[in-house]
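Chemist: Let me begin by handing over the structure; questions about it come next.
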Amino acid sequence: AISESDRAIKLLENLMSLTKFDSGSIKLNKECFDINELIRIVIIDKLNDIEAKNISVETDFAQERMFVTADKGFIKQVLCNLTDNAIKYNTEGGKIKFATSQASQKTVISISDTGIGISKEALPHIWDRFYQANSSSGESYKGHGLGLCIVKEIIKVHGQTISVNSAANAGTSFTF
């Protein structure tokens with residue numbers, strides 16, 4: 001369990017990151033790395049949370065090794081935030097699928113889950129700061145509503161886009 005002081009520190013760190021994005025003072029430290037390996041590392045890092053909900057993980061990598069040039073730390077943060085959401089909003093015994101492929105000289109990464117999904121009404125707002133959709137089940141989820149906002153800013157500063165495909169009770173898929 002995260003203590004209230006840890007949650008406050010995390011909130012402050014996230015707000016500081018967003019301020020840097022807003023001011024344009026973010027500096028990317030681009031390097032060439034294997035995105036599939038980074039995804040494997042994130043899965044291992046999140047294994048306790050994955051196993052706690054009895055979630056199965058599937059990987060579908062078009063190639064064994066897939067190299068990208070990006071800021072590895074920021075891309076890891078994107079993968080962690082999306083994986084955290086896929087775990088948090090998944091059902092007991094659900095599934096998370098990580099996929100990489102090539103399209104038009106770019107690497108495409110997707111993270112899909114079999115969770116509660118996002119309603120049509122909530123979908124346009126998920127990128128907004130502090131937005132948290134109400135769960136249709138009435139279940140409470142801890143968070144500050146900044147994770148997806150930060151994800152979008154990181155992808156944007158890389159000159160790329162992120163999309164989401166979801167429906168209530170039908171899971172969610174993020175692609176970037």
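Chain labels run A, B, ... following the order of the structure tokens; each chain numbers its residues from 1, and ligands are numbered from 1 in the order shown.
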Could you write out, as a ChimeraX atom specification, all the residues of chain A that DSSP marks as strand (DSSP E or B)?
Modeler: /A:30-34,56-61,67-71,95-103,106-113,163-166,172-175
Chemist: Can you tell me, as a PyMOL selection string, what residues are no more than 10 Å from segment 112-125 of chain A when counting only C-alpha atoms, ignoring any on the same chain fewer than 4 positions away?
Modeler: chain A and resi 55-58+82-83+85-99+129-137+149+164-175
Chemist: Between A:Gln102, A:Leu79, A:Phe176, A:Val157, which is the closest to Ser25 of chain A once you count only C-alpha atoms?
Modeler: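 Among A:Gln102, A:Leu79, A:Phe176, A:Val157, it is A:Val157 that comes nearest to Ser25 of chain A.
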Chemist: List the neighbours of Thr107 of chain A out to 9 Å using only C-alpha atoms; skip same-chain residues closer than 5 positions along the sequence, and give me the result as a list in words.
Modeler: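 Contacts, with the query itself left out: Ile35, Met66, Phe67, Val68, Thr100, Ser101, Gln102 and Phe176 of chain A.
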